[in-house]
Each structure stands twice: as C-alpha cells, then as structure tokens.
$ cat entry-v8.cif   # mmCIF, C-alpha atoms and all ligand atoms
data_protein
loop_
_atom_site.label_atom_id
_atom_site.label_comp_id
_atom_site.auth_asym_id
_atom_site.auth_seq_id
_atom_site.Cartn_x
_atom_site.Cartn_y
_atom_site.Cartn_z
CA MET G 192 3.22 2.98 32.07
CA ARG G 193 3.83 0.89 28.95
CA ASP G 194 4.51 2.67 25.70
CA TYR G 195 1.60 3.00 23.33
CA ILE G 196 1.77 0.29 20.66
CA PRO G 197 0.99 2.03 17.36
CA PHE G 198 -0.71 0.04 14.60
CA GLY G 199 2.33 0.53 12.38
CA LYS G 200 5.73 1.85 13.39
CA PRO G 201 8.76 2.16 11.10
CA ASN G 202 11.94 0.33 11.96
CA PHE G 203 15.25 2.08 11.35
CA SER G 204 18.70 0.80 12.28
CA GLU G 205 21.96 2.68 12.70
CA GLU G 206 22.58 2.03 9.02
CA GLU G 207 19.67 4.20 7.80
CA ILE G 208 20.88 6.95 10.14
CA GLN G 209 24.44 6.69 8.79
CA GLU G 210 23.31 6.71 5.18
CA VAL G 211 20.95 9.66 5.51
CA THR G 212 23.72 11.52 7.34
CA ARG G 213 26.13 10.75 4.51
CA VAL G 214 23.72 12.22 1.96
CA LEU G 215 22.98 15.25 4.17
CA LYS G 216 26.71 15.97 4.29
CA SER G 217 27.21 15.36 0.58
CA GLY G 218 25.82 18.72 -0.47
CA TRP G 219 23.10 17.22 -2.73
CA ILE G 220 19.80 16.19 -1.17
CA GLY G 221 17.46 16.59 -4.13
CA MET G 222 16.80 13.94 -6.78
CA GLY G 223 20.06 12.57 -8.09
CA SER G 224 22.40 9.61 -7.91
CA GLU G 225 20.92 8.04 -4.73
CA THR G 226 17.49 7.99 -6.35
CA ILE G 227 18.94 6.37 -9.47
CA SER G 228 20.70 3.72 -7.35
CA PHE G 229 17.51 3.01 -5.40
CA GLU G 230 15.57 2.69 -8.67
CA ASN G 231 18.17 0.28 -10.02
CA GLU G 232 18.09 -1.82 -6.86
CA LEU G 233 14.28 -1.96 -6.96
CA LYS G 234 14.48 -2.91 -10.66
CA ASP G 235 16.70 -5.88 -9.79
CA TYR G 236 14.44 -6.86 -6.91
CA PHE G 237 11.27 -6.83 -9.06
CA ASP G 238 13.11 -8.02 -12.18
CA VAL G 239 11.54 -5.36 -14.41
CA SER G 240 13.12 -2.98 -16.89
CA ASN G 241 11.99 0.27 -15.22
CA VAL G 242 11.30 1.70 -11.78
CA VAL G 243 10.34 5.36 -11.44
CA CYS G 244 10.41 6.84 -7.94
CA VAL G 245 7.98 9.63 -7.08
CA ASN G 246 6.92 11.51 -3.94
CA SER G 247 4.01 9.19 -2.97
CA CYS G 248 1.94 6.24 -4.06
CA THR G 249 -0.94 8.66 -4.62
CA SER G 250 1.24 10.44 -7.22
CA ALA G 251 2.33 7.07 -8.63
CA LEU G 252 -1.30 6.03 -9.22
CA TYR G 253 -2.23 9.40 -10.71
CA LEU G 254 0.78 9.60 -13.04
CA SER G 255 0.21 5.97 -14.12
CA LEU G 256 -3.35 6.67 -15.22
CA LEU G 257 -2.22 9.88 -16.91
CA ALA G 258 0.65 8.19 -18.76
CA LEU G 259 -1.69 5.43 -19.95
CA GLY G 260 -4.04 8.00 -21.42
CA VAL G 261 -6.96 7.74 -18.98
CA LYS G 262 -9.04 10.88 -19.39
CA SER G 263 -12.25 12.67 -18.55
CA GLY G 264 -15.31 10.49 -19.12
CA ASP G 265 -13.42 7.19 -18.78
CA GLU G 266 -14.31 4.68 -16.09
CA VAL G 267 -11.76 3.13 -13.76
CA ILE G 268 -12.84 0.06 -11.79
CA CYS G 269 -11.42 -0.21 -8.26
CA PRO G 270 -12.35 -1.50 -4.82
CA SER G 271 -14.36 0.66 -2.44
CA TYR G 272 -12.57 -1.19 0.36
CA THR G 273 -9.29 0.77 0.10
CA TRP G 274 -7.60 4.03 0.98
CA CYS G 275 -8.95 7.07 -0.91
CA SER G 276 -5.85 7.42 -3.12
CA THR G 277 -6.94 4.47 -5.29
CA ALA G 278 -10.14 6.20 -6.40
CA ASN G 279 -8.81 9.75 -6.27
CA ALA G 280 -6.20 8.94 -8.91
CA ALA G 281 -9.08 8.58 -11.39
CA LEU G 282 -10.94 11.63 -10.09
CA TYR G 283 -7.92 13.93 -10.59
CA LEU G 284 -8.21 13.16 -14.30
CA GLY G 285 -11.96 13.68 -14.49
CA ALA G 286 -12.43 9.92 -14.86
CA LYS G 287 -15.04 8.07 -12.81
CA PRO G 288 -14.05 5.47 -10.21
CA VAL G 289 -16.49 2.55 -10.40
CA PHE G 290 -16.46 0.54 -7.19
CA CYS G 291 -16.54 -3.25 -7.24
CA ASP G 292 -16.97 -5.82 -4.50
CA ILE G 293 -14.36 -8.00 -2.80
CA ASP G 294 -13.80 -11.64 -2.01
CA PRO G 295 -15.01 -12.20 1.58
CA ASN G 296 -11.86 -14.14 2.53
CA SER G 297 -8.97 -12.37 0.81
CA TYR G 298 -10.64 -8.91 0.92
CA CYS G 299 -9.31 -8.25 -2.61
CA ILE G 300 -11.38 -7.59 -5.73
CA THR G 301 -11.95 -10.62 -7.99
CA PRO G 302 -12.28 -11.34 -11.72
CA GLU G 303 -16.05 -11.81 -11.22
CA SER G 304 -16.58 -8.58 -9.28
CA VAL G 305 -14.55 -6.64 -11.85
CA SER G 306 -16.32 -8.26 -14.75
CA ASP G 307 -19.73 -7.15 -13.32
CA LYS G 308 -18.67 -3.50 -13.66
CA ILE G 309 -17.13 -3.45 -17.14
CA THR G 310 -18.84 -1.11 -19.62
CA ASP G 311 -17.71 0.35 -22.94
CA LYS G 312 -16.34 3.31 -20.98
CA THR G 313 -14.03 1.16 -18.87
CA LYS G 314 -10.42 2.16 -19.43
CA ALA G 315 -8.59 0.68 -16.47
CA VAL G 316 -8.84 -1.35 -13.27
CA ILE G 317 -6.84 -0.76 -10.08
CA PRO G 318 -6.70 -3.91 -7.94
CA VAL G 319 -5.34 -3.42 -4.41
CA HIS G 320 -3.14 -6.11 -2.85
CA MET G 321 -5.08 -5.75 0.39
CA GLY G 322 -3.00 -5.88 3.55
CA GLY G 323 -0.18 -7.54 1.62
CA ILE G 324 -1.96 -10.49 -0.03
CA ALA G 325 -1.60 -10.59 -3.83
CA ALA G 326 -4.87 -10.01 -5.71
CA ASP G 327 -5.73 -12.37 -8.59
CA ILE G 328 -4.07 -10.29 -11.31
CA ASP G 329 -4.02 -13.12 -13.89
CA GLY G 330 -7.74 -13.75 -13.43
CA ILE G 331 -8.57 -10.04 -13.62
CA SER G 332 -6.45 -9.67 -16.74
CA GLU G 333 -8.47 -12.46 -18.40
CA VAL G 334 -11.80 -10.67 -17.92
CA MET G 335 -10.56 -7.19 -18.93
CA PRO G 336 -11.13 -6.06 -22.52
CA LYS G 337 -7.87 -5.87 -24.53
CA LYS G 338 -7.85 -2.05 -24.72
CA CYS G 339 -7.94 -1.72 -20.92
CA HIS G 340 -5.06 -1.34 -18.49
CA ILE G 341 -4.31 -2.88 -15.11
CA ILE G 342 -2.59 -0.63 -12.59
CA GLU G 343 -1.75 -2.46 -9.36
CA ASP G 344 -2.08 -0.56 -6.09
CA ALA G 345 0.73 -2.27 -4.20
CA ALA G 346 0.94 0.26 -1.36
CA HIS G 347 0.75 -2.65 1.11
CA ALA G 348 2.67 -5.12 -0.96
CA ILE G 349 6.40 -4.55 -1.08
CA GLY G 350 7.72 -8.02 -0.26
CA SER G 351 4.46 -9.74 -1.30
CA LYS G 352 4.55 -12.64 -3.73
CA PHE G 353 2.18 -14.06 -6.31
CA PRO G 354 1.26 -17.76 -6.03
CA ASN G 355 4.05 -18.53 -8.55
CA ASP G 356 6.53 -17.04 -6.05
CA LEU G 357 7.39 -13.98 -8.18
CA PRO G 358 7.31 -10.67 -6.30
CA VAL G 359 4.40 -8.24 -6.60
CA GLY G 360 5.92 -5.62 -8.90
CA SER G 361 7.14 -8.19 -11.42
CA SER G 362 3.94 -8.56 -13.49
CA GLY G 363 4.81 -5.89 -16.05
CA ASN G 364 1.60 -3.98 -15.22
CA LEU G 365 2.25 -0.52 -13.84
CA THR G 366 2.60 -1.42 -10.15
CA CYS G 367 2.52 1.41 -7.60
CA PHE G 368 4.25 1.21 -4.22
CA SER G 369 4.18 3.48 -1.17
CA PHE G 370 7.10 4.31 1.10
CA TYR G 371 4.92 6.36 3.46
CA ALA G 372 5.73 6.55 7.20
CA ASN G 373 3.78 3.44 8.24
CA LYS G 374 4.31 1.24 5.19
CA ASN G 375 6.48 -1.91 5.20
CA LEU G 376 9.40 -0.13 3.53
CA SER G 377 9.39 3.42 4.82
CA THR G 378 11.26 6.53 3.76
CA GLY G 379 8.89 9.03 5.42
CA GLU G 380 7.15 9.80 2.14
CA GLY G 381 7.68 8.31 -1.27
CA GLY G 382 6.41 5.98 -3.92
CA ALA G 383 7.50 4.08 -6.99
CA ILE G 384 6.10 2.62 -10.19
CA ALA G 385 7.54 -0.67 -11.46
CA LEU G 386 6.92 -1.45 -15.14
CA ASN G 387 8.38 -2.96 -18.28
CA ASP G 388 7.23 -0.45 -20.90
CA ASN G 389 10.14 1.90 -21.75
CA LYS G 390 7.97 4.50 -23.48
CA ILE G 391 5.53 4.80 -20.57
CA ALA G 392 8.49 4.95 -18.18
CA GLU G 393 9.88 7.93 -20.13
CA LYS G 394 6.52 9.68 -19.81
CA LEU G 395 6.44 9.02 -16.07
CA ARG G 396 9.94 10.44 -15.66
CA SER G 397 8.92 13.56 -17.55
CA PHE G 398 5.61 14.03 -15.70
CA ARG G 399 7.20 13.65 -12.26
CA LEU G 400 9.50 16.64 -12.82
CA HIS G 401 7.87 19.57 -14.60
CA GLY G 402 7.84 17.93 -18.04
CA LEU G 403 11.62 17.92 -18.38
CA SER G 404 12.78 15.17 -20.71
CA SER G 405 15.02 12.75 -18.80
CA ASP G 406 17.82 13.88 -21.06
CA ALA G 407 17.31 17.42 -19.88
CA TRP G 408 17.13 16.12 -16.32
CA ASN G 409 20.51 14.43 -16.65
CA ARG G 410 21.99 17.71 -17.81
CA PHE G 411 20.13 19.51 -15.04
CA ILE G 412 21.87 17.45 -12.32
CA ASP G 413 25.27 17.56 -14.00
CA PRO G 414 26.99 20.48 -12.22
CA LYS G 415 29.41 20.97 -15.13
CA SER G 416 26.61 21.45 -17.62
CA LYS G 417 25.75 24.96 -18.78
CA ILE G 418 22.74 23.93 -20.80
CA VAL G 419 19.41 25.31 -19.66
CA PRO G 420 16.84 22.51 -19.77
CA GLU G 421 13.61 23.06 -21.65
CA ILE G 422 10.09 22.07 -20.62
CA HIS G 423 8.45 20.05 -23.39
CA GLU G 424 5.07 19.28 -21.83
CA LEU G 425 3.02 20.01 -18.71
CA GLY G 426 4.54 18.08 -15.85
CA PHE G 427 4.32 18.19 -12.07
CA LYS G 428 6.52 18.50 -9.01
CA MET G 429 6.19 14.89 -7.86
CA ASN G 430 9.82 13.80 -7.81
CA TYR G 431 11.57 11.76 -5.13
CA THR G 432 14.67 12.94 -3.26
CA ASP G 433 18.10 11.50 -2.50
CA LEU G 434 17.50 11.97 1.23
CA ASN G 435 14.54 9.59 1.04
CA ALA G 436 16.36 7.25 -1.33
CA SER G 437 19.31 6.87 1.05
CA ILE G 438 16.89 5.51 3.66
CA GLY G 439 15.06 3.38 1.11
CA ARG G 440 18.21 1.64 -0.10
CA VAL G 441 18.95 0.39 3.41
CA GLN G 442 15.31 -0.55 4.03
CA LEU G 443 15.31 -2.58 0.82
CA ARG G 444 18.42 -4.49 1.93
CA ARG G 445 16.70 -5.13 5.27
CA LEU G 446 13.37 -6.15 3.74
CA GLY G 447 13.79 -9.84 4.61
CA GLU G 448 14.70 -9.04 8.21
CA LEU G 449 11.73 -6.66 8.52
CA PHE G 450 9.43 -9.30 7.01
CA ASN G 451 10.62 -11.92 9.51
CA ARG G 452 9.77 -9.65 12.42
CA ARG G 453 6.25 -9.10 11.11
CA ALA G 454 5.90 -12.82 10.50
CA GLU G 455 6.82 -13.54 14.11
CA ILE G 456 4.08 -11.21 15.38
CA ALA G 457 1.53 -12.65 12.93
CA ASP G 458 2.43 -16.23 13.95
CA TYR G 459 1.91 -15.39 17.59
CA TYR G 460 -1.45 -13.66 17.00
CA VAL G 461 -2.78 -16.56 14.92
CA ASP G 462 -1.68 -19.10 17.50
CA ILE G 463 -3.46 -17.30 20.35
CA ILE G 464 -6.57 -16.35 18.36
CA GLN G 465 -7.08 -19.94 17.26
CA LYS G 466 -7.07 -21.08 20.88
CA LEU G 467 -9.82 -18.66 21.90
CA PRO G 468 -13.29 -20.14 22.38
CA TYR G 469 -14.73 -17.78 19.74
CA HIS G 470 -14.58 -17.79 15.98
CA VAL G 471 -12.45 -14.75 15.20
CA LYS G 472 -11.98 -14.84 11.44
CA ILE G 473 -8.51 -13.88 10.17
CA GLN G 474 -7.72 -12.69 6.64
CA LYS G 475 -7.05 -15.65 4.35
CA ASN G 476 -3.42 -16.78 3.99
CA ILE G 477 -2.07 -14.30 6.52
CA LEU G 478 0.71 -16.73 7.42
CA SER G 479 1.70 -17.57 3.85
CA PRO G 480 5.23 -16.41 2.94
CA GLY G 481 3.77 -14.42 0.03
CA HIS G 482 1.68 -12.20 2.35
CA ALA G 483 3.70 -9.12 3.30
CA LYS G 484 1.68 -8.76 6.55
CA HIS G 485 1.31 -5.00 6.21
CA LEU G 486 -2.04 -5.25 7.99
CA PHE G 487 -3.31 -7.89 10.40
CA LEU G 488 -7.02 -7.91 9.53
CA ILE G 489 -9.58 -9.81 11.56
CA GLU G 490 -13.37 -10.02 11.79
CA LEU G 491 -14.94 -9.88 15.24
CA PRO G 492 -17.66 -12.44 16.12
CA LEU G 493 -20.18 -9.72 16.96
CA ASP G 494 -22.83 -12.22 18.14
CA ASP G 495 -20.50 -13.48 20.86
CA ILE G 496 -19.54 -10.15 22.38
CA GLU G 497 -21.50 -7.54 24.29
CA ILE G 498 -20.02 -4.42 22.73
CA THR G 499 -19.87 -2.99 19.22
CA ARG G 500 -16.84 -3.18 16.96
CA ASP G 501 -16.16 0.54 17.41
CA GLU G 502 -16.33 0.19 21.20
CA PHE G 503 -13.98 -2.79 20.96
CA VAL G 504 -11.39 -0.76 19.03
CA LEU G 505 -11.69 2.21 21.40
CA LYS G 506 -11.28 -0.08 24.40
CA MET G 507 -8.05 -1.46 22.97
CA ARG G 508 -6.82 2.10 22.51
CA ASP G 509 -7.72 2.86 26.15
CA PHE G 510 -5.29 0.09 27.05
CA GLY G 511 -2.52 1.63 24.93
CA ILE G 512 -2.94 -0.47 21.81
CA GLY G 513 -3.21 1.15 18.38
CA ALA G 514 -6.06 -1.02 17.11
CA SER G 515 -7.63 0.45 14.02
CA ILE G 516 -10.21 0.02 11.28
CA HIS G 517 -9.16 -0.49 7.68
CA TYR G 518 -11.18 0.73 5.85
CA LEU G 519 -14.39 2.68 5.92
CA PRO G 520 -15.45 1.75 2.37
CA LEU G 521 -15.36 4.73 0.04
CA HIS G 522 -18.90 4.17 -1.29
CA MET G 523 -20.21 4.58 2.27
CA MET G 524 -18.78 8.12 2.54
CA ASP G 525 -21.02 11.00 1.46
CA TYR G 526 -18.43 12.41 -0.89
CA TYR G 527 -18.09 9.22 -2.93
CA LYS G 528 -21.83 8.51 -2.82
CA GLY G 529 -22.09 11.54 -5.07
CA ILE G 530 -19.73 9.81 -7.50
CA ASP G 531 -20.75 6.14 -7.50
CA ASN G 532 -23.78 5.42 -5.36
CA CYS G 533 -23.68 1.64 -5.29
CA LYS G 534 -24.38 -1.38 -3.09
CA LEU G 535 -21.53 -3.79 -2.36
CA VAL G 536 -22.83 -6.52 -0.08
CA LYS G 537 -19.56 -8.27 0.73
CA THR G 538 -17.69 -5.02 1.35
CA GLU G 539 -20.46 -3.77 3.66
CA ASN G 540 -20.60 -7.07 5.57
CA LEU G 541 -16.88 -7.02 6.11
CA TYR G 542 -16.90 -3.40 7.24
CA GLU G 543 -19.39 -4.20 10.05
CA ARG G 544 -16.94 -6.49 11.81
CA VAL G 545 -13.43 -5.83 10.51
CA MET G 546 -10.62 -4.43 12.65
CA THR G 547 -6.83 -4.20 12.48
CA LEU G 548 -4.45 -5.34 15.19
CA PRO G 549 -1.12 -3.52 15.40
CA ILE G 550 1.71 -5.14 13.48
CA SER G 551 5.15 -3.77 12.63
CA ALA G 552 8.80 -4.68 12.49
CA SER G 553 9.29 -2.54 15.61
CA MET G 554 7.00 -4.70 17.77
CA THR G 555 8.36 -7.33 20.13
CA ILE G 556 6.75 -10.61 21.16
CA LYS G 557 6.21 -8.99 24.57
CA ASP G 558 4.12 -6.30 22.83
CA ALA G 559 2.17 -9.00 20.98
CA GLU G 560 1.56 -10.87 24.24
CA TYR G 561 0.12 -7.74 25.77
CA VAL G 562 -2.08 -7.13 22.70
CA MET G 563 -3.46 -10.68 22.93
CA GLU G 564 -3.98 -10.43 26.70
CA VAL G 565 -6.07 -7.27 26.31
CA PHE G 566 -7.84 -8.67 23.23
CA SER G 567 -8.85 -11.87 25.07
CA LYS G 568 -10.12 -9.98 28.09
CA ILE G 569 -12.25 -7.65 25.98
CA MET G 570 -13.64 -10.71 24.17
CA GLU G 571 -14.53 -12.31 27.53
CA GLY G 572 -16.04 -9.06 28.74
CA THR G 573 -13.78 -8.97 31.80
CA ILE G 574 -12.36 -5.51 31.05
C1 LIG H 1 -1.12 4.27 1.82
C2 LIG H 1 -1.92 3.88 0.63
C3 LIG H 1 -1.87 4.62 -0.57
C4 LIG H 1 -1.19 5.95 -0.67
O1 LIG H 1 0.14 5.95 -0.38
P1 LIG H 1 0.89 7.37 -0.20
O2 LIG H 1 2.31 7.02 -0.43
O3 LIG H 1 0.60 7.80 1.20
O4 LIG H 1 0.36 8.30 -1.21
C5 LIG H 1 -2.56 4.15 -1.66
N1 LIG H 1 -3.28 3.01 -1.60
C6 LIG H 1 -3.37 2.28 -0.46
C7 LIG H 1 -4.18 1.02 -0.47
C8 LIG H 1 -2.71 2.71 0.69
O5 LIG H 1 -2.84 2.03 1.85
#
$ encode --input "entry-v8.cif" --output "structure tokens"
Amino acid sequence: MRDYIPFGKPNFSEEEIQEVTRVLKSGWIGMGSETISFENELKDYFDVSNVVCVNSCTSALYLSLLALGVKSGDEVICPSYTWCSTANAALYLGAKPVFCDIDPNSYCITPESVSDKITDKTKAVIPVHMGGIAADIDGISEVMPKKCHIIEDAAHAIGSKFPNDLPVGSSGNLTCFSFYANKNLSTGEGGAIALNDNKIAEKLRSFRLHGLSSDAWNRFIDPKSKIVPEIHELGFKMNYTDLNASIGRVQLRRLGELFNRRAEIADYYVDIIQKLPYHVKIQKNILSPGHAKHLFLIELPLDDIEITRDEFVLKMRDFGIGASIHYLPLHMMDYYKGIDNCKLVKTENLYERVMTLPISASMTIKDAEYVMEVFSKIMEGTI
C-alpha cells in the first residue's frame, strides 16, 4: 500500500528536532528569548519595525482589530471565500463582517468588490492572500476611506511577494501570519503580526499576555527580578512559546528550500494538466515566484466529466490522495447567513467547481506523478 498523500504535510529536518530539544533541555519553554529572536529574524525578513508573535493567526487577526479600535457596530469587509477566522475576528468584537466578492482568476478580493461594500460604518477590510498569491493591497488601499484600516490575512502567504518583489508582510499594514500545522512555515500552532506602528505593536504585546506592559513582561522573564508585574488593562492569554519559536527559527532559515520543493510539485502539476484534453483552469500565476503555493487550486470542467465535484474529490481520497475543497464560502453556511445574507456570484461560481490538489514540501515528484495519474484517470472516467 502507498502512504496516504495528505493535502498539506509539514517538513521538518534534523535541525528543527535538535533545536526544539535544546530548548526543552534549557529549562525555559514559555515565551522568552527564543520568541524574541524569532521575532527579530521575521522583522529582518519582512523589513518592518515590529513583529509580534501570538498563539495563532486567528488571535493575530482578532488582536489586530482590537488594537486598531474596531468595536461593536463597526463593519469589517472581508471575503466570504476564506477560512472562518477572517470573519470571526470581527465577530469576537461585536463588529459585522461584510462579505465581498472575488476576482474569478486570482480568487482574491479586488478594489472594485471592496468598494461596492463600503458604508459609513466601514472600519476595516481584511484581504486574504488566497493560496499564496498577493491580493491587490495598493488598489484596495486607494478605494478605502482614510479613517479605515487594512489588515492583511497572510495565513497562506509567508514567502509570497507583491508584484514589486517585496515580501507580503512588508506593506506596513498589520499583516497576520499563521504557523499552524499545515501552513508553509509550521510550528504546530502559532501566528505573528508584522507592522511598522510602534504604538500599535506595544498594544499587541500587552493584549497577547494578560495586559502586562512589555516592560513588566521583561521583568517577569528576568529570573533575578523580584518585582511583581502589574496588569494595566484587560489582556488575553494568546502568547507564543519558545518551544514553537525554536522550530520556527529553523523553518524560516529553510523557507527558500521549502518553497523550491513546493514549486517543483506545482511545475509538474501544471505541465501535466496543460497536456490533458480538457480545460482544467488553474489559479492565476500559480507558477510565479511571488506565489507561495500554499494551495494548488483548480477548477474542474464539470461539463466534460460524468461525476460531481464532490464525487471527484472523494474518489481521489479513495485512491489515497488528500484532495480537498477550499473553501465552502462563509455566506453559504447557515451560521453566517444570519450575519450577512448576501449574493456573491463569482464566489458561488468558483465554489461549484473548485478543488485543491495536495501540495507540500514533504511531497516527492513520485507522489505528484501518482496524483496526476489518478487525476487523469478520473477525468477520463476510467476509474
Ligand atoms: C489557517 C487560516 C487562518 C487561521 O490560522 P490559525 O493559525 O489556525 O489560527 C486564518 N485565515 C486563513 C485564510 C487561513 O487559512
């Protein structure tokens, strides 16, 4: 039997294992010097003045909105075609997520789709860099009223680049990353916010750990200090840990290597798919060096095949391939219908035919060959 090929699988080398072991043996596994080093290394990578690590991208999005003053009654524009965290960040604050449509080729929200949803209650927009392609942040920033904020959901986009070749994370907007188990840079759980605003960064550092000022936190981790830190506002327990950071530091150094492995798989898929006698549409610019290739998104030519998209995905799973569907749009779920009952034609059209082929830095070309063999046979109707 072949091993199941999951849609995303982390890739760890001996180095991550050595580093996490070193921190385990050090006697300090909470948030401390490893986290600070990881933050500094991310800061250099993004070329921003602040990076604040937290326990997830969900927390990063929530704390960003909170620190920017988004509150009950405000509206936050975001895609419906995303993971629930994007919209939930607004809901936690009593704000209303307002869903907007996507571009049918990049699958990201656009200046036009955002602009359609702006009202005098709009306080923020959360574009998602879908699958690892950079959304049009400059264009969106041009249509947003001056008082509004842009928070980038870059859960898929560590290693992604804007068209000007600068990394996603460098824009100066609060940019939220995920280090969850199946993300491109994985530390099991984790997240980070990259930003340039020192004052907002201070707030984020306080909110992530109980409302301790970072001064108090420095004293807190200094074993020689006798001073009891004081809480100065209501904060949360959303901090990162040194155990995670020790893994993240190695993953960051290996980011180029991990990217190259994904690129190899993506190259192979595109080559085979383009030779098939069907028009399987692939997400725009998947092969561009700026696309982090977190997801390999395609649209099935439903008119040319006998089975439904769901049956297609299940059939691939029967053959040991972790094909998947990203995403069931939020506005099509009952829960979110009660929040923003809207019609989004392009999102709904995409959802009918979209599916995700497995891609990860742990896959080999042999795995990719098998995926394409099974994919082609299901297309032909021979299995
Ligand atoms: C994974 C993901 C998140 C949440 O990341 P966590 O670190 O698991 O909280 C947010 N947005 C998108 C688009 C994601 O895919």
$ atom_distance --input "entry-v8.cif" --atom1 "atom CA of Phe229 of chain G" --atom2 "atom CA of Ala251 of chain G"
16.0 Å
$ residues_near_ligand --input "entry-v8.cif" --ligand "ligand LIG 1 (chain H)" --cutoff "9 Å" --atoms "all atoms listed in the file" --output "PyMOL selection string"
chain G and resi 246-252+272-278+319-322+344-347+367-374+380-383+517
$ closest_residue --input "entry-v8.cif" --among "G:Ala514, G:Met554, G:Val461, G:Ala392" --to "Leu259 of chain G" --atoms "only C-alpha atoms"
G:Ala392
$ residues_around --input "entry-v8.cif" --residues "Met546 of chain G" --least-positions-apart "2" --cutoff "8 Å" --atoms "only C-alpha atoms" --output "ChimeraX atom specification"
/G:488-491,500,504,514-517,544,548
$ closest_residue --input "entry-v8.cif" --among "G:Ile324, G:Ile293, G:Ala436, G:Met335" --to "Leu233 of chain G" --atoms "only C-alpha atoms"
G:Ala436
$ atom_distance --input "entry-v8.cif" --atom1 "atom CA of Gly218 of chain G" --atom2 "atom CA of Thr432 of chain G"
12.9 Å
$ closest_residue --input "entry-v8.cif" --among "G:Asp311, G:Arg396, G:Ala326, G:Ile464" --to "Ala559 of chain G" --atoms "only C-alpha atoms"
G:Ile464
$ atom_distance --input "entry-v8.cif" --atom1 "atom CA of Ile512 of chain G" --atom2 "atom CA of Asn451 of chain G"
21.6 Å
$ residues_near_point --input "entry-v8.cif" --point "(-12.7, 5.4, -17.7)" --cutoff "7 Å" --atoms "only C-alpha atoms" --output "list in words"
Val261, Lys262, Gly264, Asp265, Glu266, Val267, Ala286, Lys287, Lys312, Thr313, Lys314 and Ala315 of chain G
$ residues_around --input "entry-v8.cif" --residues "Cys533 of chain G" --least-positions-apart "4" --cutoff "9 Å" --atoms "all atoms listed in the file" --output "list in words"
Val289, Phe290, Cys291, His522, Met523 and Lys528 of chain G
$ closest_residue --input "entry-v8.cif" --among "G:Asp462, G:Glu455, G:Glu230, G:Asp356" --to "Ala552 of chain G" --atoms "all atoms listed in the file"
G:Glu455
$ residues_around --input "entry-v8.cif" --residues "Ile496 of chain G" --least-positions-apart "2" --cutoff "8 Å" --atoms "only C-alpha atoms" --output "VMD selection string"
chain G and resid 492 to 494 498 to 499 570 to 572
$ closest_residue --input "entry-v8.cif" --among "G:Glu448, G:Glu424, G:Glu393, G:Glu539" --to "Ser255 of chain G" --atoms "only C-alpha atoms"
G:Glu393
$ closest_residue --input "entry-v8.cif" --among "G:Asp307, G:Lys390, G:Tyr460, G:Val242" --to "Ser361 of chain G" --atoms "only C-alpha atoms"
G:Val242
$ residues_around --input "entry-v8.cif" --residues "Gly223 of chain G" --least-positions-apart "3" --cutoff "8 Å" --atoms "all atoms listed in the file" --output "list in words"
Trp219, Ile220, Thr226, Ile227, Ile412, Thr432 and Asp433 of chain G
$ residues_near_point --input "entry-v8.cif" --point "(5.8, 14.2, -19.4)" --cutoff "6 Å" --atoms "only C-alpha atoms" --output "list in words"
Lys394, Ser397, Phe398, Gly402, Glu424 and Gly426 of chain G
